[in-house]
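Enquirer: File my_file.txt follows (compact mmCIF, C-alpha atoms and all ligand atoms):
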# COMPACT_ATOMS: atom_id res chain seq x y z
CA MET A 1 -17.55 8.95 -0.92
CA SER A 2 -19.46 11.63 0.89
CA GLY A 3 -19.00 11.88 4.63
CA THR A 4 -20.85 13.42 7.50
CA SER A 5 -19.74 16.99 6.70
CA LEU A 6 -21.95 17.06 3.57
CA ASP A 7 -19.32 19.12 1.76
CA GLY A 8 -19.57 17.19 -1.51
CA VAL A 9 -18.78 13.98 -3.34
CA ASP A 10 -15.13 12.89 -3.28
CA ALA A 11 -14.05 10.86 -6.30
CA ALA A 12 -10.66 9.15 -6.45
CA LEU A 13 -9.44 7.53 -9.65
CA VAL A 14 -6.98 4.83 -8.68
CA GLU A 15 -5.01 2.08 -10.28
CA ILE A 16 -5.39 -0.98 -8.08
CA THR A 17 -3.56 -4.28 -8.33
CA GLY A 18 -3.42 -7.38 -6.15
CA VAL A 19 -5.79 -8.33 -3.35
CA SER A 20 -5.81 -8.42 0.45
CA GLU A 21 -2.42 -7.72 2.04
CA GLU A 22 -0.81 -7.55 -1.40
CA THR A 23 -3.12 -4.77 -2.63
CA LYS A 24 -1.31 -1.83 -4.23
CA VAL A 25 -3.10 1.42 -5.04
CA GLN A 26 -1.90 4.45 -6.90
CA LEU A 27 -3.96 7.64 -6.92
CA LYS A 28 -4.26 8.96 -10.49
CA GLN A 29 -6.71 11.81 -9.99
CA PHE A 30 -8.90 13.23 -7.25
CA THR A 31 -11.91 15.55 -7.45
CA THR A 32 -14.44 16.82 -4.94
CA VAL A 33 -17.70 17.90 -6.54
CA PRO A 34 -19.23 20.19 -3.92
CA PHE A 35 -22.91 19.93 -3.07
CA SER A 36 -24.84 23.08 -3.94
CA ALA A 37 -26.35 24.97 -1.00
CA ALA A 38 -29.77 23.58 -2.04
CA GLN A 39 -28.51 19.96 -2.20
CA LYS A 40 -26.83 20.33 1.16
CA ALA A 41 -29.96 21.83 2.73
CA GLN A 42 -32.08 19.03 1.28
CA ILE A 43 -29.81 16.31 2.66
CA ALA A 44 -29.51 18.05 6.03
CA ALA A 45 -33.30 18.25 6.33
CA GLN A 46 -33.54 14.48 5.84
CA LEU A 47 -31.15 13.80 8.70
CA ALA A 48 -33.61 14.88 11.38
CA ASN A 49 -36.95 13.23 12.12
CA ALA A 50 -38.71 16.57 12.47
CA THR A 51 -37.86 17.70 8.94
CA SER A 52 -37.56 14.49 6.93
CA SER A 53 -40.16 13.25 4.45
CA VAL A 54 -40.45 9.84 2.85
CA GLU A 55 -41.18 11.45 -0.53
CA VAL A 56 -37.99 13.51 -0.43
CA LEU A 57 -35.97 10.48 0.75
CA CYS A 58 -37.19 8.46 -2.22
CA SER A 59 -36.18 11.25 -4.59
CA LEU A 60 -32.89 11.90 -2.78
CA ASP A 61 -31.69 8.31 -3.24
CA PHE A 62 -31.81 8.72 -7.01
CA ALA A 63 -30.65 12.37 -6.95
CA LEU A 64 -27.58 11.26 -5.00
CA GLY A 65 -27.08 8.44 -7.51
CA HIS A 66 -26.80 11.17 -10.14
CA ALA A 67 -24.45 13.22 -7.94
CA PHE A 68 -22.16 10.23 -7.31
CA GLY A 69 -22.24 9.11 -10.96
CA ASN A 70 -21.45 12.63 -12.11
CA ALA A 71 -18.52 12.81 -9.69
CA VAL A 72 -17.12 9.65 -11.31
CA LEU A 73 -17.52 11.26 -14.73
CA ALA A 74 -15.82 14.44 -13.46
CA VAL A 75 -12.75 12.64 -12.10
CA CYS A 76 -12.48 10.59 -15.31
CA GLN A 77 -12.74 13.70 -17.43
CA ALA A 78 -10.04 15.43 -15.39
CA ALA A 79 -7.77 12.43 -15.98
CA GLY A 80 -8.68 12.02 -19.65
CA VAL A 81 -9.91 8.45 -19.00
CA PRO A 82 -13.24 7.26 -20.48
CA SER A 83 -15.48 6.04 -17.63
CA ALA A 84 -16.45 2.92 -19.59
CA SER A 85 -12.83 1.78 -19.29
CA LEU A 86 -13.00 1.67 -15.48
CA GLY A 87 -12.75 -1.74 -13.82
CA PHE A 88 -15.43 -0.84 -11.29
CA VAL A 89 -16.87 1.98 -9.22
CA ALA A 90 -16.92 1.61 -5.44
CA SER A 91 -19.57 3.88 -3.97
CA HIS A 92 -20.07 4.48 -0.26
CA GLY A 93 -23.06 6.77 -0.80
CA GLN A 94 -24.30 9.29 1.73
CA THR A 95 -25.09 8.08 5.23
CA LEU A 96 -28.57 9.29 6.11
CA TYR A 97 -28.98 7.41 9.35
CA HIS A 98 -27.03 4.93 11.42
CA LEU A 99 -28.63 2.88 14.20
CA PRO A 100 -26.06 0.35 15.44
CA ASP A 101 -27.63 0.41 18.92
CA PRO A 102 -31.19 1.64 18.41
CA PRO A 103 -33.03 3.07 21.42
CA THR A 104 -36.24 1.01 21.59
CA GLY A 105 -38.40 -0.81 19.12
CA GLU A 106 -36.23 -0.16 16.09
CA THR A 107 -34.05 -2.68 14.27
CA ARG A 108 -30.27 -2.32 14.13
CA SER A 109 -29.71 -0.66 10.78
CA THR A 110 -27.77 1.78 8.66
CA LEU A 111 -28.83 3.73 5.58
CA GLN A 112 -26.58 5.03 2.81
CA LEU A 113 -28.29 6.61 -0.20
CA GLY A 114 -26.96 7.11 -3.74
CA ASN A 115 -28.70 4.63 -6.02
CA ALA A 116 -26.19 2.23 -7.57
CA ALA A 117 -28.28 1.52 -10.69
CA ILE A 118 -28.15 5.21 -11.60
CA ILE A 119 -24.36 5.26 -11.09
CA ALA A 120 -23.91 2.14 -13.24
CA GLU A 121 -25.96 3.64 -16.07
CA LEU A 122 -24.22 7.02 -15.93
CA THR A 123 -20.73 5.54 -15.85
CA HIS A 124 -21.27 2.35 -17.94
CA THR A 125 -19.44 0.51 -15.17
CA THR A 126 -20.18 -2.16 -12.56
CA VAL A 127 -20.79 -0.60 -9.14
CA VAL A 128 -20.04 -1.99 -5.69
CA SER A 129 -22.05 -0.21 -3.00
CA ASP A 130 -23.73 -0.61 0.40
CA PHE A 131 -20.55 -1.53 2.23
CA ARG A 132 -21.93 -1.35 5.77
CA SER A 133 -24.99 -3.63 5.81
CA ARG A 134 -23.26 -6.99 5.71
CA ASP A 135 -21.06 -6.23 8.70
CA MET A 136 -24.15 -5.20 10.64
CA ALA A 137 -25.93 -8.39 9.58
CA VAL A 138 -23.26 -10.38 11.43
CA GLY A 139 -23.57 -8.30 14.58
CA GLY A 140 -21.08 -5.52 13.77
CA GLN A 141 -21.65 -1.80 14.08
CA GLY A 142 -21.34 -1.40 10.29
CA ALA A 143 -18.59 1.14 11.02
CA PRO A 144 -15.79 1.90 10.87
CA ILE A 145 -15.11 0.26 7.51
CA VAL A 146 -11.87 2.01 6.55
CA PRO A 147 -9.61 -0.03 8.91
CA TYR A 148 -9.09 -2.83 6.39
CA SER A 149 -7.65 -0.34 3.88
CA GLU A 150 -5.53 1.24 6.60
CA TYR A 151 -4.06 -2.12 7.51
CA VAL A 152 -3.20 -2.70 3.85
CA LEU A 153 -1.63 0.74 3.34
CA TYR A 154 -0.11 1.79 6.67
CA ARG A 155 0.97 -1.19 8.79
CA SER A 156 4.55 -0.74 9.89
CA PRO A 157 7.24 -2.95 11.44
CA ALA A 158 8.83 0.13 13.04
CA HIS A 159 6.00 2.03 14.73
CA THR A 160 2.60 1.79 16.29
CA ARG A 161 0.51 3.88 13.94
CA ILE A 162 -2.81 5.47 14.78
CA LEU A 163 -4.80 6.66 11.81
CA GLN A 164 -6.95 9.53 13.00
CA ASN A 165 -9.54 10.80 10.57
CA ILE A 166 -11.00 14.18 11.45
CA GLY A 167 -14.05 14.65 9.27
CA GLY A 168 -17.45 15.56 10.68
CA ILE A 169 -16.80 12.84 13.25
CA GLY A 170 -13.35 11.79 14.47
CA ASN A 171 -12.38 8.16 14.07
CA ALA A 172 -9.21 6.33 15.03
CA THR A 173 -7.68 3.05 13.88
CA ILE A 174 -4.90 1.61 16.01
CA ILE A 175 -2.34 -0.48 14.14
CA LYS A 176 0.26 -1.55 16.64
CA GLN A 177 3.81 -2.22 15.54
CA ASN A 178 3.95 -5.44 13.47
CA ALA A 179 0.18 -5.90 13.80
CA GLN A 180 -1.82 -8.73 12.25
CA LEU A 181 -5.31 -7.88 10.96
CA GLU A 182 -6.89 -9.39 14.10
CA ASP A 183 -4.93 -6.92 16.25
CA LEU A 184 -6.60 -3.86 14.72
CA PHE A 185 -8.75 -1.78 16.91
CA ALA A 186 -10.88 1.16 15.78
CA PHE A 187 -13.60 3.44 17.06
CA ASP A 188 -15.06 6.91 16.70
CA THR A 189 -13.44 9.38 19.09
CA GLY A 190 -16.41 11.79 19.03
CA PRO A 191 -16.96 15.05 17.16
CA GLY A 192 -14.33 15.93 14.55
CA ASN A 193 -15.19 19.22 12.83
CA MET A 194 -18.93 18.89 13.34
CA VAL A 195 -19.29 21.23 16.31
CA ILE A 196 -16.71 23.70 14.97
CA ASP A 197 -18.57 23.83 11.63
CA GLU A 198 -21.94 24.34 13.31
CA LEU A 199 -20.55 27.20 15.42
CA CYS A 200 -19.04 28.82 12.30
CA ARG A 201 -22.41 28.64 10.58
CA HIS A 202 -24.12 30.11 13.64
CA PHE A 203 -21.72 32.98 14.30
CA PHE A 204 -20.10 33.75 10.94
CA HIS A 205 -22.35 32.18 8.25
CA THR A 206 -19.34 30.25 6.98
CA GLU A 207 -19.13 26.49 6.50
CA TYR A 208 -15.98 25.91 8.56
CA ASP A 209 -13.11 27.60 10.41
CA ASP A 210 -10.82 28.07 7.42
CA GLY A 211 -7.20 27.53 8.49
CA GLY A 212 -8.32 27.45 12.15
CA LYS A 213 -8.20 31.24 12.34
CA HIS A 214 -11.20 31.74 14.64
CA GLY A 215 -9.97 29.00 16.96
CA ALA A 216 -6.52 30.61 17.04
CA ALA A 217 -8.00 34.02 17.84
CA GLY A 218 -10.09 32.69 20.74
CA THR A 219 -9.33 31.39 24.21
CA VAL A 220 -10.36 27.94 25.37
CA ASN A 221 -12.87 28.18 28.21
CA GLN A 222 -11.56 25.44 30.48
CA ALA A 223 -14.68 25.28 32.67
CA VAL A 224 -16.94 24.73 29.66
CA LEU A 225 -14.47 22.28 28.12
CA GLN A 226 -14.49 20.19 31.31
CA GLU A 227 -18.31 20.11 31.23
CA LEU A 228 -18.34 19.04 27.57
CA LEU A 229 -15.87 16.25 28.31
CA LYS A 230 -18.48 14.74 30.66
CA HIS A 231 -20.67 13.64 27.71
CA PRO A 232 -21.28 9.91 28.28
CA TYR A 233 -20.01 8.94 24.81
CA PHE A 234 -16.42 9.74 25.83
CA ALA A 235 -16.55 7.31 28.76
CA GLU A 236 -17.99 4.44 26.68
CA GLN A 237 -15.63 1.58 25.97
CA PRO A 238 -14.73 0.86 22.33
CA PRO A 239 -15.75 -0.52 19.87
CA LYS A 240 -18.15 2.42 19.55
CA THR A 241 -19.40 4.62 16.75
CA THR A 242 -21.32 7.86 16.72
CA GLY A 243 -22.65 10.43 14.29
CA ARG A 244 -24.85 13.44 13.66
CA GLU A 245 -27.56 11.75 15.69
CA VAL A 246 -25.45 12.50 18.80
CA PHE A 247 -23.13 15.44 17.95
CA GLY A 248 -25.10 17.17 15.16
CA GLN A 249 -26.90 20.50 14.99
CA GLN A 250 -29.13 19.76 18.00
CA TYR A 251 -26.13 19.08 20.21
CA THR A 252 -24.49 22.41 19.31
CA GLU A 253 -27.77 24.31 19.66
CA GLY A 254 -28.07 22.83 23.15
CA LEU A 255 -24.57 24.06 24.00
CA LEU A 256 -25.30 27.56 22.72
CA ALA A 257 -28.41 27.72 24.89
CA ARG A 258 -26.52 26.53 27.98
CA TYR A 259 -23.24 28.46 27.85
CA HIS A 260 -22.54 31.99 26.69
CA LEU A 261 -19.08 32.55 25.23
CA ALA A 262 -17.67 35.00 22.69
CA PRO A 263 -17.73 33.50 19.14
CA ASN A 264 -13.97 32.91 18.81
CA ASP A 265 -13.81 31.51 22.36
CA TRP A 266 -16.59 29.08 21.45
CA ILE A 267 -14.67 27.90 18.40
CA ALA A 268 -11.42 27.59 20.37
CA THR A 269 -13.30 25.55 23.01
CA ALA A 270 -14.92 23.27 20.40
CA THR A 271 -11.53 22.80 18.74
CA ALA A 272 -10.04 21.85 22.11
CA LEU A 273 -12.92 19.40 22.65
CA THR A 274 -12.01 17.59 19.44
CA ALA A 275 -8.29 17.60 20.28
CA GLN A 276 -8.72 16.52 23.90
CA THR A 277 -11.21 13.73 23.16
CA ILE A 278 -8.87 12.33 20.50
CA ALA A 279 -5.88 12.51 22.85
CA ASP A 280 -7.80 10.91 25.73
CA ALA A 281 -9.18 8.15 23.50
CA ILE A 282 -5.88 7.10 21.95
CA LYS A 283 -3.76 7.40 25.09
CA PRO A 284 -4.19 3.79 26.25
CA PHE A 285 -3.02 2.55 22.84
CA ALA A 286 -0.10 4.90 22.21
CA PRO A 287 3.27 3.75 23.56
CA ALA A 288 6.26 6.10 23.17
CA GLY A 289 7.20 6.54 19.51
CA THR A 290 3.62 6.17 18.26
CA GLN A 291 2.82 8.02 15.06
CA LEU A 292 -0.60 9.70 14.97
CA ILE A 293 -1.38 10.19 11.30
CA VAL A 294 -4.14 12.71 10.82
CA GLY A 295 -6.38 12.69 7.75
CA GLY A 296 -9.71 14.20 6.72
CA GLY A 297 -10.50 17.89 6.49
CA GLY A 298 -9.36 18.52 10.07
CA SER A 299 -5.76 18.11 8.97
CA TYR A 300 -6.14 21.47 7.20
CA ASN A 301 -6.81 23.18 10.55
CA PRO A 302 -3.42 24.07 12.12
CA THR A 303 -5.04 25.26 15.37
CA LEU A 304 -6.58 21.83 15.84
CA LEU A 305 -3.30 20.07 14.97
CA ALA A 306 -1.37 22.23 17.46
CA MET A 307 -3.91 21.53 20.23
CA LEU A 308 -3.72 17.83 19.42
CA ALA A 309 0.08 17.77 19.62
CA GLN A 310 -0.13 19.55 22.98
CA ALA A 311 -2.80 17.18 24.32
CA ALA A 312 -0.89 14.06 23.22
CA PRO A 313 2.69 14.47 24.45
CA GLY A 314 5.12 11.74 23.37
CA VAL A 315 3.10 11.05 20.23
CA GLU A 316 4.38 12.20 16.83
CA VAL A 317 1.50 14.02 15.10
CA LEU A 318 1.79 13.77 11.30
CA THR A 319 -0.58 14.49 8.44
CA GLN A 320 -1.27 12.21 5.49
CA GLU A 321 0.57 14.73 3.33
CA GLN A 322 3.74 14.27 5.41
CA LEU A 323 3.65 10.57 4.46
CA GLY A 324 3.06 11.34 0.77
CA PHE A 325 -0.71 10.66 0.83
CA ARG A 326 -3.68 13.06 0.58
CA SER A 327 -5.90 13.76 3.59
CA ASP A 328 -8.93 14.56 1.46
CA ALA A 329 -8.66 11.49 -0.80
CA LYS A 330 -8.09 8.87 1.87
CA GLU A 331 -11.66 7.64 2.44
CA ALA A 332 -12.50 7.52 -1.27
CA ILE A 333 -9.34 5.47 -1.87
CA ALA A 334 -10.38 3.18 0.99
CA MET A 335 -13.67 2.42 -0.80
CA THR A 336 -11.77 1.20 -3.88
CA ILE A 337 -9.84 -1.25 -1.71
CA LEU A 338 -13.11 -2.57 -0.25
CA GLY A 339 -14.72 -2.79 -3.70
CA ASN A 340 -11.72 -4.69 -5.04
CA GLN A 341 -12.04 -7.21 -2.21
CA THR A 342 -15.77 -7.64 -2.93
CA LEU A 343 -15.21 -8.33 -6.62
CA HIS A 344 -12.63 -10.96 -5.65
CA HIS A 345 -15.07 -12.59 -3.21
CA LEU A 346 -12.87 -11.63 -0.27
CA PRO A 347 -13.82 -10.16 3.12
CA SER A 348 -12.88 -6.65 4.17
CA ASN A 349 -14.58 -5.93 7.46
CA VAL A 350 -12.40 -5.99 10.56
CA PRO A 351 -14.38 -7.79 13.29
CA SER A 352 -12.11 -6.47 16.06
CA ALA A 353 -13.02 -2.94 14.91
CA THR A 354 -16.75 -3.30 14.27
CA GLY A 355 -17.67 -6.01 16.76
CA ALA A 356 -18.86 -8.33 13.95
CA SER A 357 -18.95 -12.05 14.70
CA ARG A 358 -16.84 -12.95 11.64
CA PRO A 359 -15.14 -11.63 8.50
CA VAL A 360 -17.64 -11.15 5.66
CA ILE A 361 -17.59 -9.96 2.05
CA LEU A 362 -18.90 -6.39 2.18
CA GLY A 363 -21.05 -4.70 -0.43
CA SER A 364 -23.64 -5.28 -3.13
CA ILE A 365 -22.76 -5.53 -6.81
CA THR A 366 -24.77 -3.81 -9.58
CA TYR A 367 -23.40 -5.20 -12.83
CA TYR A 368 -23.06 -3.17 -15.99
CA ALA A 369 -23.05 -5.51 -18.94
N1 LIG B 401 -8.84 24.57 5.06
C1 LIG B 401 -9.52 24.09 6.10
N2 LIG B 401 -9.42 24.67 7.31
C2 LIG B 401 -10.10 24.19 8.39
N3 LIG B 401 -10.95 23.15 8.32
C3 LIG B 401 -11.09 22.53 7.14
C4 LIG B 401 -10.41 22.95 5.97
N4 LIG B 401 -10.75 22.14 4.95
C5 LIG B 401 -11.64 21.26 5.46
N5 LIG B 401 -11.85 21.50 6.77
C6 LIG B 401 -12.76 20.80 7.68
O1 LIG B 401 -12.95 19.48 7.23
C7 LIG B 401 -14.37 19.20 7.08
C8 LIG B 401 -14.55 18.20 5.98
O2 LIG B 401 -13.80 17.07 6.30
P1 LIG B 401 -14.01 15.69 5.56
O3 LIG B 401 -14.34 15.95 4.12
O4 LIG B 401 -12.86 14.85 5.90
O5 LIG B 401 -15.32 15.19 6.30
P2 LIG B 401 -16.30 14.04 5.95
O6 LIG B 401 -15.60 12.99 5.16
O7 LIG B 401 -17.52 14.67 5.37
O8 LIG B 401 -16.69 13.49 7.38
P3 LIG B 401 -16.60 12.00 8.04
O9 LIG B 401 -15.21 11.51 7.80
O10 LIG B 401 -16.91 12.23 9.46
O11 LIG B 401 -17.65 11.21 7.37
C9 LIG B 401 -14.98 20.55 6.79
O12 LIG B 401 -16.34 20.56 7.14
C10 LIG B 401 -14.12 21.46 7.69
O13 LIG B 401 -14.60 21.46 8.99
C1 LIG B 402 -22.22 5.30 9.54
C2 LIG B 402 -21.18 6.20 8.97
O1 LIG B 402 -21.32 6.69 7.86
N1 LIG B 402 -20.10 6.40 9.74
C3 LIG B 402 -18.96 7.19 9.28
C4 LIG B 402 -18.93 8.52 10.03
O2 LIG B 402 -17.89 9.34 9.52
C5 LIG B 402 -16.72 9.09 10.29
C6 LIG B 402 -17.13 8.01 11.24
O3 LIG B 402 -18.53 8.29 11.36
C7 LIG B 402 -16.95 6.59 10.67
O4 LIG B 402 -17.40 5.68 11.64
C8 LIG B 402 -17.74 6.35 9.40
O5 LIG B 402 -17.02 6.50 8.21
C9 LIG B 402 -15.79 5.90 7.91
C10 LIG B 402 -15.54 6.07 6.45
C11 LIG B 402 -15.68 4.43 8.29
O6 LIG B 402 -16.69 3.72 8.36
O7 LIG B 402 -14.56 3.96 8.46
In structure tokens, write the structure found in this file.

Expert:
Amino acid sequence: MSGTSLDGVDAALVEITGVSEETKVQLKQFTTVPFSAAQKAQIAAQLANATSSVEVLCSLDFALGHAFGNAVLAVCQAAGVPSASLGFVASHGQTLYHLPDPPTGETRSTLQLGNAAIIAELTHTTVVSDFRSRDMAVGGQGAPIVPYSEYVLYRSPAHTRILQNIGGIGNATIIKQNAQLEDLFAFDTGPGNMVIDELCRHFFHTEYDDGGKHGAAGTVNQAVLQELLKHPYFAEQPPKTTGREVFGQQYTEGLLARYHLAPNDWIATATALTAQTIADAIKPFAPAGTQLIVGGGGSYNPTLLAMLAQAAPGVEVLTQEQLGFRSDAKEAIAMTILGNQTLHHLPSNVPSATGASRPVILGSITYYA
């Protein structure tokens, strides 16, 4: 898995047994193979129309295939497991573009690169990939696709649980107490770390606000925060998804041109934007006693977690680690659950989360034989 932050390829080696609601997974090893600065710059350039090139995109698909295949080899090597003994590889790839509701003229579509044939050859293993297209083909947004795995792993008879991932983008899955799969509800809350990261790059030439220290040292500018909260995405009704197309570099550059704050105040304000938009978005679905379980890289930012707890009174804010899971491994583990469903000819989209017209078997299979 590689998400919108472009930090690197996450590879989870899991033991998986059973299918559907009976699926059991055990994490054996986890590795993130970071993208080099050059790889990251090359991917980032392809995310914007002004700087993308069809020649580089063609090359990038295969280059990412190598990066993903090598991440599989790295996690296997760390565990002392030969890759040829794997049951399968489930590869999300790198989202390059996502058009669930295209402006005009274009076709609803989504594009994840990381060529599966290259991964199969490097790892000597069958690969399941392209998990989003099939959901979109039946009218869904093609995202979010992790809710099925969250239902399998986190449903609880005792609590309403909201799984909040804070990666580049923030996304929430609501699993009410005693929920059935049809009851799940999920959507993107808005920016996760994306704006914070962009501001860190702009002001400090760092990739992110390590430990939330800049955010903690700054003061939230309430007037600017209130303006930012007026972005139309926050008022849209779920199901809804968003991405770099809306809250990427251009968005932050626009903010920097419009408002003039001290660097730490900017980062505090962007951190508060993430916290407040999450709190506002989940509020209608969070009765007293709800557990908000935070995952993704944002769970390593204590300033963000503190702001979130303050913005969501009555909700118990927990991290994946507090439940015995790993925040950084969660999405990669989710892909293995989806891949396992695919290989058993079973669906794993959640129509109530994506807006799809029906459950479908996600993914494409590239056999290694
Ligand atoms: N120690 C840390 N302190 C503060 N922030 C951190 C830390 N570690 C990671 N992060 C944040 O988490 C981000 C990466 O999160 P993650 O890997 O979950 O994102 P992603 O999977 O790429 O995104 P998405 O889930 O939106 O696709 C980093 O860019 C950074 O902002
Ligand atoms: C199109 C795409 O790659 N969307 C990602 C992105 O990153 C976070 C959020 O936006 C989420 O909707 C999704 O990823 C997770 C894994 C998902 O589909 O559940």

Enquirer: Using all atoms listed in the file, which residue out of A:Ala312, A:Leu261, A:Cys58, A:Ile145 lies closest to ligand LIG 401 (chain B)?

Expert: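 Using all atoms listed in the file, the shortest distance to ligand LIG 401 (chain B) belongs to A:Ile145.
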
Enquirer: Let me know the centre plus edge lengths, in Å and rounded to one decimal, of a box with edges along x, y and z that contains all listed atoms of ligand LIG 402 (chain B) and is padded by 5 Å on every side, as lines of an AutoDock Vina configuration file.

Expert:
center_x = -18.4
center_y = 6.5
center_z = 9.0
size_x = 17.7
size_y = 15.6
size_z = 15.2

Enquirer: Compile a residue-level contact table for chain A against ligand LIG 402 (chain B) at a cut-off of 9 Å, reporting for every qualifying residue the shortest atom pair and its distance in Å to one decimal, with all atoms listed in the file counted, rows ordered by chain and ascending number, as a tab-separated table.

Expert:
residue	atom	partner	partner_atom	distance
A:Met1	CA	B:LIG402	C10	8.2
A:Ser2	CA	B:LIG402	O1	8.7
A:Gly3	CA	B:LIG402	O2	5.6
A:Thr4	CA	B:LIG402	O2	5.4
A:Ser5	CA	B:LIG402	O2	8.4
A:His92	CA	B:LIG402	C10	8.3
A:Gly93	CA	B:LIG402	O1	8.8
A:Gln94	CA	B:LIG402	O1	7.3
A:Thr95	CA	B:LIG402	O1	4.8
A:Leu96	CA	B:LIG402	O1	7.9
A:Tyr97	CA	B:LIG402	C1	7.1
A:His98	CA	B:LIG402	C1	5.2
A:Leu99	CA	B:LIG402	C1	8.3
A:Pro100	CA	B:LIG402	C1	8.6
A:Thr110	CA	B:LIG402	C1	6.6
A:Leu111	CA	B:LIG402	C1	7.9
A:Gln112	CA	B:LIG402	O1	7.5
A:Phe131	CA	B:LIG402	O6	8.9
A:Arg132	CA	B:LIG402	C1	7.6
A:Gln141	CA	B:LIG402	C1	8.4
A:Gly142	CA	B:LIG402	C1	6.8
A:Ala143	CA	B:LIG402	O6	4.2
A:Pro144	CA	B:LIG402	O6	3.2
A:Ile145	CA	B:LIG402	O7	3.9
A:Val146	CA	B:LIG402	O7	3.8
A:Pro147	CA	B:LIG402	O7	6.4
A:Tyr148	CA	B:LIG402	O7	9.0
A:Asn165	CA	B:LIG402	C5	7.4
A:Ile166	CA	B:LIG402	C5	7.7
A:Gly167	CA	B:LIG402	C5	6.3
A:Gly168	CA	B:LIG402	O2	6.3
A:Ile169	CA	B:LIG402	C5	4.8
A:Gly170	CA	B:LIG402	C5	6.0
A:Asn171	CA	B:LIG402	C6	5.5
A:Ala172	CA	B:LIG402	O7	8.8
A:Thr173	CA	B:LIG402	O7	8.8
A:Ala186	CA	B:LIG402	O7	8.7
A:Phe187	CA	B:LIG402	O4	7.0
A:Asp188	CA	B:LIG402	O4	5.7
A:Thr189	CA	B:LIG402	C6	8.8
A:Gly190	CA	B:LIG402	C6	8.7
A:Gly192	CA	B:LIG402	C5	8.4
A:Lys240	CA	B:LIG402	O4	8.6
A:Thr241	CA	B:LIG402	O4	5.6
A:Thr242	CA	B:LIG402	O3	6.1
A:Gly243	CA	B:LIG402	O3	5.5
A:Arg244	CA	B:LIG402	O3	8.5
A:Glu331	CA	B:LIG402	C10	5.8
A:Ala332	CA	B:LIG402	C10	8.4
A:Ala334	CA	B:LIG402	C10	8.0
A:Met335	CA	B:LIG402	C10	8.3

Enquirer: Find the spatial neighbours of Ile118 (chain A), counting all atoms listed in the file, within a cut-off of 12 Å - ignore same-chain residues fewer than 6 positions away - and output them as a list in words.

Expert: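 Result of the neighbour search: Asp61, Phe62, Ala63, Leu64, Gly65, His66, Ala67, Phe68, Gly69, Asn70, Val72, Val89, Ser91, His124, Thr125, Thr126, Val127, Ser129, Thr366, Tyr367 and Tyr368 of chain A.
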
Enquirer: Identify which of the residues A:Phe234, A:Phe285, A:Tyr208, A:Tyr251 lies closest to ligand LIG 401 (chain B), counting all atoms listed in the file when measuring atom-to-atom distances.

Expert: A:Tyr208

Enquirer: What is the CA of Ala79 (chain A)-CA of Leu338 (chain A) distance in Å, reported with one decimal?

Expert: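 Separating CA of Ala79 (chain A) from CA of Leu338 (chain A) is a distance of 22.4 Å.
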
Enquirer: With 8 Å as the threshold, what does the neighbourhood of (-4.4, -0.1, 16.5) contain in terms of residues, counting all atoms listed in the file? Coordinates are those of the file; answer as a PDB file with C-alpha atoms, in the frame of the given file.

Expert:
ATOM      1  CA  THR A 160       2.600   1.790  16.290  1.00  0.00           C
ATOM      2  CA  ARG A 161       0.510   3.880  13.940  1.00  0.00           C
ATOM      3  CA  ILE A 162      -2.810   5.470  14.780  1.00  0.00           C
ATOM      4  CA  THR A 173      -7.680   3.050  13.880  1.00  0.00           C
ATOM      5  CA  ILE A 174      -4.900   1.610  16.010  1.00  0.00           C
ATOM      6  CA  ILE A 175      -2.340  -0.480  14.140  1.00  0.00           C
ATOM      7  CA  LYS A 176       0.260  -1.550  16.640  1.00  0.00           C
ATOM      8  CA  ALA A 179       0.180  -5.900  13.800  1.00  0.00           C
ATOM      9  CA  ASP A 183      -4.930  -6.920  16.250  1.00  0.00           C
ATOM     10  CA  LEU A 184      -6.600  -3.860  14.720  1.00  0.00           C
ATOM     11  CA  PHE A 185      -8.750  -1.780  16.910  1.00  0.00           C
ATOM     12  CA  ALA A 186     -10.880   1.160  15.780  1.00  0.00           C
ATOM     13  CA  PHE A 285      -3.020   2.550  22.840  1.00  0.00           C
TER      14      PHE A 285
END
